[in-house]
>>> print(open('data.tsv').read())   # TSV, C-alpha atoms and all ligand atoms
chain	number	residue	atom	x	y	z
A	1	MET	CA	18.74	6.26	-17.22
A	2	LYS	CA	16.51	5.90	-20.27
A	3	ILE	CA	14.46	2.66	-20.33
A	4	ASN	CA	12.42	3.07	-23.51
A	5	GLU	CA	10.56	5.46	-25.74
A	6	VAL	CA	7.07	5.06	-27.23
A	7	ILE	CA	4.79	7.02	-29.52
A	8	LEU	CA	1.47	7.51	-27.73
A	9	LYS	CA	-2.01	7.30	-29.30
A	10	SER	CA	-1.87	11.12	-29.30
A	11	GLY	CA	1.23	11.02	-31.55
A	12	GLN	CA	3.45	12.43	-28.77
A	13	LYS	CA	6.80	10.83	-28.00
A	14	CYS	CA	6.96	9.64	-24.40
A	15	THR	CA	10.20	8.63	-22.72
A	16	PHE	CA	10.40	6.28	-19.73
A	17	GLN	CA	13.43	6.78	-17.53
A	18	THR	CA	14.72	6.62	-13.99
A	19	PRO	CA	15.12	10.12	-12.51
A	20	THR	CA	18.43	11.93	-12.08
A	21	LEU	CA	18.93	14.94	-9.81
A	22	LYS	CA	18.25	17.39	-12.63
A	23	TYR	CA	14.57	16.30	-12.43
A	24	ALA	CA	14.24	17.08	-8.71
A	25	GLN	CA	12.37	20.39	-9.13
A	26	ASP	CA	10.17	18.99	-11.87
A	27	LEU	CA	9.31	16.01	-9.66
A	28	ALA	CA	8.44	18.33	-6.76
A	29	ASP	CA	6.17	20.35	-9.10
A	30	TYR	CA	4.62	17.09	-10.33
A	31	ALA	CA	3.95	15.86	-6.79
A	32	ASN	CA	2.34	19.17	-5.82
A	33	ARG	CA	0.16	19.19	-8.95
A	34	ILE	CA	-0.99	15.56	-9.03
A	35	ARG	CA	-2.43	15.79	-5.51
A	36	THR	CA	-4.84	18.48	-6.79
A	37	GLU	CA	-6.01	16.32	-9.70
A	38	SER	CA	-7.18	13.11	-8.07
A	39	LYS	CA	-8.90	12.02	-4.89
A	40	PHE	CA	-7.42	8.55	-5.33
A	41	LEU	CA	-3.95	9.43	-4.07
A	42	LEU	CA	-2.94	9.36	-0.43
A	43	SER	CA	-1.46	12.87	-0.51
A	44	CYS	CA	-3.76	15.87	-0.69
A	45	GLU	CA	-3.58	19.66	-0.56
A	46	GLN	CA	-4.07	19.67	3.22
A	47	GLU	CA	-0.51	18.38	3.61
A	48	PRO	CA	2.71	20.42	3.45
A	49	LYS	CA	4.01	21.01	-0.07
A	50	VAL	CA	6.65	18.65	-1.41
A	51	THR	CA	10.02	20.41	-1.35
A	52	LEU	CA	13.03	20.27	-3.64
A	53	GLU	CA	15.08	18.84	-0.75
A	54	ARG	CA	12.63	15.98	-0.25
A	55	GLU	CA	12.77	15.10	-3.95
A	56	ILE	CA	16.58	15.20	-3.97
A	57	ALA	CA	16.61	12.73	-1.07
A	58	TRP	CA	13.99	10.58	-2.82
A	59	ILE	CA	15.98	10.45	-6.07
A	60	LYS	CA	19.14	9.60	-4.13
A	61	SER	CA	17.33	6.77	-2.34
A	62	GLN	CA	17.01	4.78	-5.59
A	63	ASN	CA	18.26	1.23	-5.25
A	64	ILE	CA	16.77	-1.51	-7.41
A	65	LYS	CA	16.40	-3.82	-4.38
A	66	THR	CA	14.50	-1.39	-2.18
A	67	LYS	CA	13.33	1.65	-4.18
A	68	PHE	CA	12.83	1.78	-7.93
A	69	ILE	CA	11.42	4.89	-9.59
A	70	VAL	CA	10.38	5.31	-13.21
A	71	MET	CA	8.98	8.49	-14.72
A	72	ALA	CA	7.26	9.22	-18.02
A	73	THR	CA	8.36	12.44	-19.70
A	74	ILE	CA	7.18	14.33	-22.76
A	75	LYS	CA	9.55	16.98	-24.12
A	76	GLY	CA	11.55	16.68	-20.89
A	77	LYS	CA	8.57	17.32	-18.55
A	78	VAL	CA	7.42	14.73	-16.04
A	79	ILE	CA	3.84	13.65	-16.84
A	80	GLY	CA	3.68	10.26	-15.12
A	81	LEU	CA	5.40	8.53	-12.24
A	82	ALA	CA	5.59	5.07	-10.72
A	83	ASP	CA	7.67	3.40	-8.08
A	84	TYR	CA	8.06	0.30	-6.01
A	85	SER	CA	9.55	0.02	-2.58
A	86	SER	CA	10.21	-2.91	-0.32
A	87	SER	CA	10.03	-3.09	3.42
A	88	THR	CA	13.24	-3.06	5.43
A	89	LYS	CA	11.81	-5.98	7.44
A	90	PHE	CA	13.57	-9.26	6.66
A	91	ARG	CA	10.35	-11.30	6.60
A	92	LYS	CA	8.83	-8.96	4.01
A	93	ARG	CA	11.83	-9.01	1.66
A	94	HIS	CA	9.96	-10.97	-1.05
A	95	ILE	CA	7.34	-8.25	-1.51
A	96	CYS	CA	7.46	-4.85	-3.17
A	97	SER	CA	4.66	-2.29	-3.08
A	98	ILE	CA	3.86	-0.06	-6.01
A	99	GLY	CA	2.41	3.39	-6.60
A	100	ILE	CA	1.48	4.94	-9.93
A	101	SER	CA	0.04	8.21	-11.27
A	102	VAL	CA	-0.33	10.15	-14.51
A	103	LEU	CA	-1.28	13.82	-15.00
A	104	LYS	CA	-4.97	14.11	-15.87
A	105	GLU	CA	-4.46	15.64	-19.30
A	106	PHE	CA	-2.55	12.49	-20.31
A	107	TRP	CA	-4.98	9.85	-19.03
A	108	ASN	CA	-6.09	6.97	-21.27
A	109	LEU	CA	-3.07	7.12	-23.57
A	110	GLY	CA	-1.53	3.95	-22.20
A	111	ILE	CA	1.12	5.70	-20.06
A	112	ALA	CA	0.29	3.91	-16.79
A	113	SER	CA	0.28	0.60	-18.65
A	114	HIS	CA	3.84	1.25	-19.88
A	115	LEU	CA	4.92	2.32	-16.37
A	116	MET	CA	3.35	-0.81	-14.89
A	117	GLN	CA	5.08	-3.11	-17.38
A	118	ILE	CA	8.44	-1.56	-16.48
A	119	LEU	CA	7.75	-1.96	-12.73
A	120	ILE	CA	6.75	-5.61	-13.15
A	121	ASP	CA	9.71	-6.45	-15.42
A	122	THR	CA	12.15	-4.79	-13.02
A	123	ALA	CA	10.63	-6.36	-9.90
A	124	THR	CA	10.72	-9.80	-11.57
A	125	LYS	CA	14.36	-9.42	-12.62
A	126	THR	CA	15.23	-8.21	-9.12
A	127	GLY	CA	13.79	-11.41	-7.64
A	128	PHE	CA	10.64	-10.18	-5.87
A	129	GLU	CA	7.93	-12.82	-5.51
A	130	ILE	CA	4.87	-10.66	-4.89
A	131	VAL	CA	3.94	-7.13	-5.98
A	132	ASP	CA	1.19	-5.52	-3.95
A	133	LEU	CA	-0.78	-2.29	-3.87
A	134	THR	CA	-3.80	-0.61	-2.36
A	135	VAL	CA	-6.50	1.13	-4.36
A	136	ASN	CA	-9.72	2.87	-3.37
A	137	THR	CA	-12.70	0.67	-4.26
A	138	ASN	CA	-14.22	3.55	-6.29
A	139	ASN	CA	-11.09	4.02	-8.46
A	140	LYS	CA	-12.47	2.31	-11.57
A	141	ALA	CA	-9.60	3.21	-13.90
A	142	GLY	CA	-7.00	2.06	-11.37
A	143	ILE	CA	-8.76	-1.25	-10.69
A	144	HIS	CA	-9.18	-1.87	-14.43
A	145	LEU	CA	-5.46	-1.26	-14.96
A	146	TYR	CA	-4.42	-3.54	-12.10
A	147	LYS	CA	-6.71	-6.41	-13.15
A	148	LYS	CA	-5.37	-6.08	-16.71
A	149	PHE	CA	-1.91	-6.76	-15.30
A	150	GLY	CA	-3.07	-9.78	-13.30
A	151	PHE	CA	-3.50	-8.26	-9.82
A	152	GLU	CA	-6.15	-9.93	-7.65
A	153	LYS	CA	-8.14	-8.38	-4.83
A	154	THR	CA	-7.18	-10.19	-1.66
A	155	GLY	CA	-8.68	-7.98	0.99
A	156	THR	CA	-10.62	-4.83	1.86
A	157	PHE	CA	-9.90	-2.09	4.36
A	158	TYR	CA	-13.19	-0.43	5.33
A	159	ASN	CA	-13.45	3.35	5.82
A	160	ASP	CA	-9.67	3.68	5.88
A	161	THR	CA	-9.81	6.83	3.74
A	162	LYS	CA	-11.49	9.97	5.06
A	163	TYR	CA	-11.88	12.81	2.59
A	164	GLU	CA	-11.66	16.50	3.32
A	165	ASP	CA	-15.50	16.76	3.20
A	166	GLY	CA	-15.84	14.12	5.93
A	167	THR	CA	-16.95	11.25	3.66
A	168	TYR	CA	-15.22	7.85	3.77
A	169	ALA	CA	-13.96	5.36	1.19
A	170	ASN	CA	-12.90	1.74	1.29
A	171	THR	CA	-9.64	0.35	-0.08
A	172	TYR	CA	-8.77	-2.95	-1.74
A	173	TYR	CA	-5.50	-4.71	-1.08
A	174	MET	CA	-4.34	-6.35	-4.34
A	175	GLN	CA	-1.50	-8.75	-5.09
A	176	LYS	CA	0.22	-10.12	-8.17
A	177	TYR	CA	2.47	-13.18	-7.87
A	178	LEU	CA	5.67	-12.94	-9.90
A	179	LYS	CA	6.65	-16.44	-8.91
A	180	GLU	CA	4.65	-19.53	-8.05
A	181	ILE	CA	4.73	-20.08	-4.30
A	182	LYS	CA	4.15	-23.77	-3.57
A	183	GLY	CA	0.98	-24.34	-1.58
A	184	ALA	CA	0.20	-20.62	-1.45
A	185	LYS	CA	-3.41	-19.68	-0.87
A	186	HIS	CA	-4.57	-17.36	-3.63
A	187	ALA	CA	-7.43	-14.88	-3.73
A	188	LYS	CA	-9.55	-17.15	-5.95
A	189	GLN	CA	-9.57	-19.84	-3.23
A	190	ASN	CA	-10.79	-17.43	-0.53
B	201	LIG	C1	-5.14	5.19	-12.73
B	201	LIG	C2	-4.20	5.94	-13.69
B	201	LIG	C3	-2.79	5.81	-13.18
B	201	LIG	C4	-4.31	5.32	-15.08
B	201	LIG	O1	-3.40	6.00	-15.94
B	201	LIG	P1	-3.54	6.00	-17.52
B	201	LIG	O2	-2.24	6.41	-18.11
B	201	LIG	O3	-4.74	6.74	-17.90
B	201	LIG	O4	-3.76	4.42	-17.78
B	201	LIG	P2	-3.77	3.65	-19.17
B	201	LIG	O5	-4.11	4.60	-20.25
B	201	LIG	O6	-2.54	2.85	-19.31
B	201	LIG	O7	-4.94	2.60	-18.91
B	201	LIG	C5	-6.16	3.03	-18.42
B	201	LIG	C6	-7.18	1.91	-18.63
B	201	LIG	O8	-8.29	2.16	-17.77
B	201	LIG	C7	-9.47	2.24	-18.53
B	201	LIG	N1	-10.36	3.16	-17.88
B	201	LIG	C8	-10.29	4.50	-17.83
B	201	LIG	N2	-11.32	4.99	-17.12
B	201	LIG	C9	-12.05	3.91	-16.69
B	201	LIG	C10	-13.23	3.75	-15.92
B	201	LIG	N3	-13.86	4.82	-15.41
B	201	LIG	N4	-13.68	2.50	-15.68
B	201	LIG	C11	-13.02	1.41	-16.16
B	201	LIG	N5	-11.90	1.50	-16.92
B	201	LIG	C12	-11.42	2.74	-17.18
B	201	LIG	C13	-9.01	2.70	-19.89
B	201	LIG	O9	-9.98	2.37	-20.88
B	201	LIG	C14	-7.73	1.89	-20.05
B	201	LIG	O10	-8.06	0.56	-20.35
B	201	LIG	P3	-7.26	-0.34	-21.44
B	201	LIG	O11	-5.80	-0.31	-21.03
B	201	LIG	O12	-7.86	-1.70	-21.31
B	201	LIG	O13	-7.48	0.33	-22.76
B	201	LIG	C15	-4.62	7.43	-13.80
B	201	LIG	O14	-6.00	7.50	-14.05
B	201	LIG	C16	-4.28	8.26	-12.58
B	201	LIG	O15	-3.17	8.75	-12.43
B	201	LIG	N6	-5.26	8.44	-11.70
B	201	LIG	C17	-5.06	9.25	-10.50
B	201	LIG	C18	-4.07	8.60	-9.55
B	201	LIG	C19	-4.44	7.18	-9.25
B	201	LIG	O16	-5.60	6.81	-9.17
B	201	LIG	N7	-3.41	6.36	-9.05
B	201	LIG	C20	-3.60	5.00	-8.63
B	201	LIG	C21	-3.79	4.99	-7.16
B	201	LIG	S1	-3.99	3.32	-6.58
>>> encode(input="data.tsv", output="structure tokens")
Amino acid sequence: MKINEVILKSGQKCTFQTPTLKYAQDLADYANRIRTESKFLLSCEQEPKVTLEREIAWIKSQNIKTKFIVMATIKGKVIGLADYSSSTKFRKRHICSIGISVLKEFWNLGIASHLMQILIDTATKTGFEIVDLTVNTNNKAGIHLYKKFGFEKTGTFYNDTKYEDGTYANTYYMQKYLKEIKGAKHAKQN
């Protein structure tokens, strides 16, 4: 389903839409490419390739309450992807967790910002109270993006990422409140 269409700084027309099954192969190709372009994603080349079958199941799993996916396409090709998912645990039902990525050749054109706005609008309408995410502490572009959208760092996981070359990285846990929670302790008070 098409959500909106924008003209990027580059002059290209970019469409934001939820994926249908006809995008399954393109999404598998995207997933296998993006993991070669950034060290800031959880998946890397050491893992098995993403298959068409996995993407079909992923697309079919869409449900606004538990799994929302939005992709950015240019001329019908997937160039950016974002999603939120919520835990199946009852006591975590007010939180959704997001992930976001854009192909390197399209960075700094505002695509992730558009994807993020769609995620936040949809999560708000769906009734979530908190959106959370994790980001490596050395991911400057990611942290800039998240702070721009009002996410606050609320914790740090130390050495929870180990790269292929044996080096380690730390990860921030960040939250954005979509709704005021009475008496809630926020990051700024920590
Ligand atoms: C992080 C990522 C999604 C951003 O996508 P994008 O489409 O380039 O993002 P946007 O163009 O909407 O915004 C990027 C912002 O970061 C800023 N930025 C870029 N590089 C930066 C840097 N090194 N330091 C600080 N800010 C930086 C840009 O100036 C821009 O700021 P603005 O919106 O205030 O103008 C993209 O870089 C990416 O896919 N990276 C690899 C995967 C990844 O890190 N995903 C997040 C995992 S938590």
>>> residues_near_ligand(input="data.tsv", ligand="ligand LIG 201 (chain B)", cutoff="10 Å", atoms="all atoms listed in the file", output="number ranges by chain")
A: 8-9, 34-42, 72, 79-82, 98-117, 133-149, 171-174
>>> residues_around(input="data.tsv", residues="Thr122 in chain A", least_positions_apart="4", cutoff="9 Å", atoms="all atoms listed in the file", output="PyMOL selection string")
chain A and resi 64+68+117-118+126-127
>>> atom_distance(input="data.tsv", atom1="CA of Thr161 in chain A", atom2="CA of Ala57 in chain A")
27.5 Å
>>> atom_distance(input="data.tsv", atom1="CA of Lys176 in chain A", atom2="CA of Gly150 in chain A")
6.1 Å
>>> atom_distance(input="data.tsv", atom1="CA of Thr124 in chain A", atom2="CA of Ile181 in chain A")
13.9 Å
>>> residues_around(input="data.tsv", residues="Lys49 in chain A", least_positions_apart="4", cutoff="9 Å", atoms="only C-alpha atoms", output="number ranges by chain")
A: 28, 31-32, 45
>>> residues_around(input="data.tsv", residues="Glu53 in chain A", least_positions_apart="6", cutoff="12 Å", atoms="only C-alpha atoms", output="PyMOL selection string")
chain A and resi 21+23-25+27-28+59-60
>>> write_last_selection(input="data.tsv", atoms="C-alpha atoms", output="mmCIF file, in the coordinates of the input")
data_model
loop_
_atom_site.group_PDB
_atom_site.id
_atom_site.type_symbol
_atom_site.label_atom_id
_atom_site.label_comp_id
_atom_site.auth_asym_id
_atom_site.auth_seq_id
_atom_site.Cartn_x
_atom_site.Cartn_y
_atom_site.Cartn_z
ATOM 1 C CA LEU A 21 18.930 14.940 -9.810
ATOM 2 C CA TYR A 23 14.570 16.300 -12.430
ATOM 3 C CA ALA A 24 14.240 17.080 -8.710
ATOM 4 C CA GLN A 25 12.370 20.390 -9.130
ATOM 5 C CA LEU A 27 9.310 16.010 -9.660
ATOM 6 C CA ALA A 28 8.440 18.330 -6.760
ATOM 7 C CA ILE A 59 15.980 10.450 -6.070
ATOM 8 C CA LYS A 60 19.140 9.600 -4.130
#
>>> closest_residue(input="data.tsv", among="A:Lys125, A:Lys92, A:Lys2, A:Lys67", to="Lys179 in chain A", atoms="all atoms listed in the file")
A:Lys125
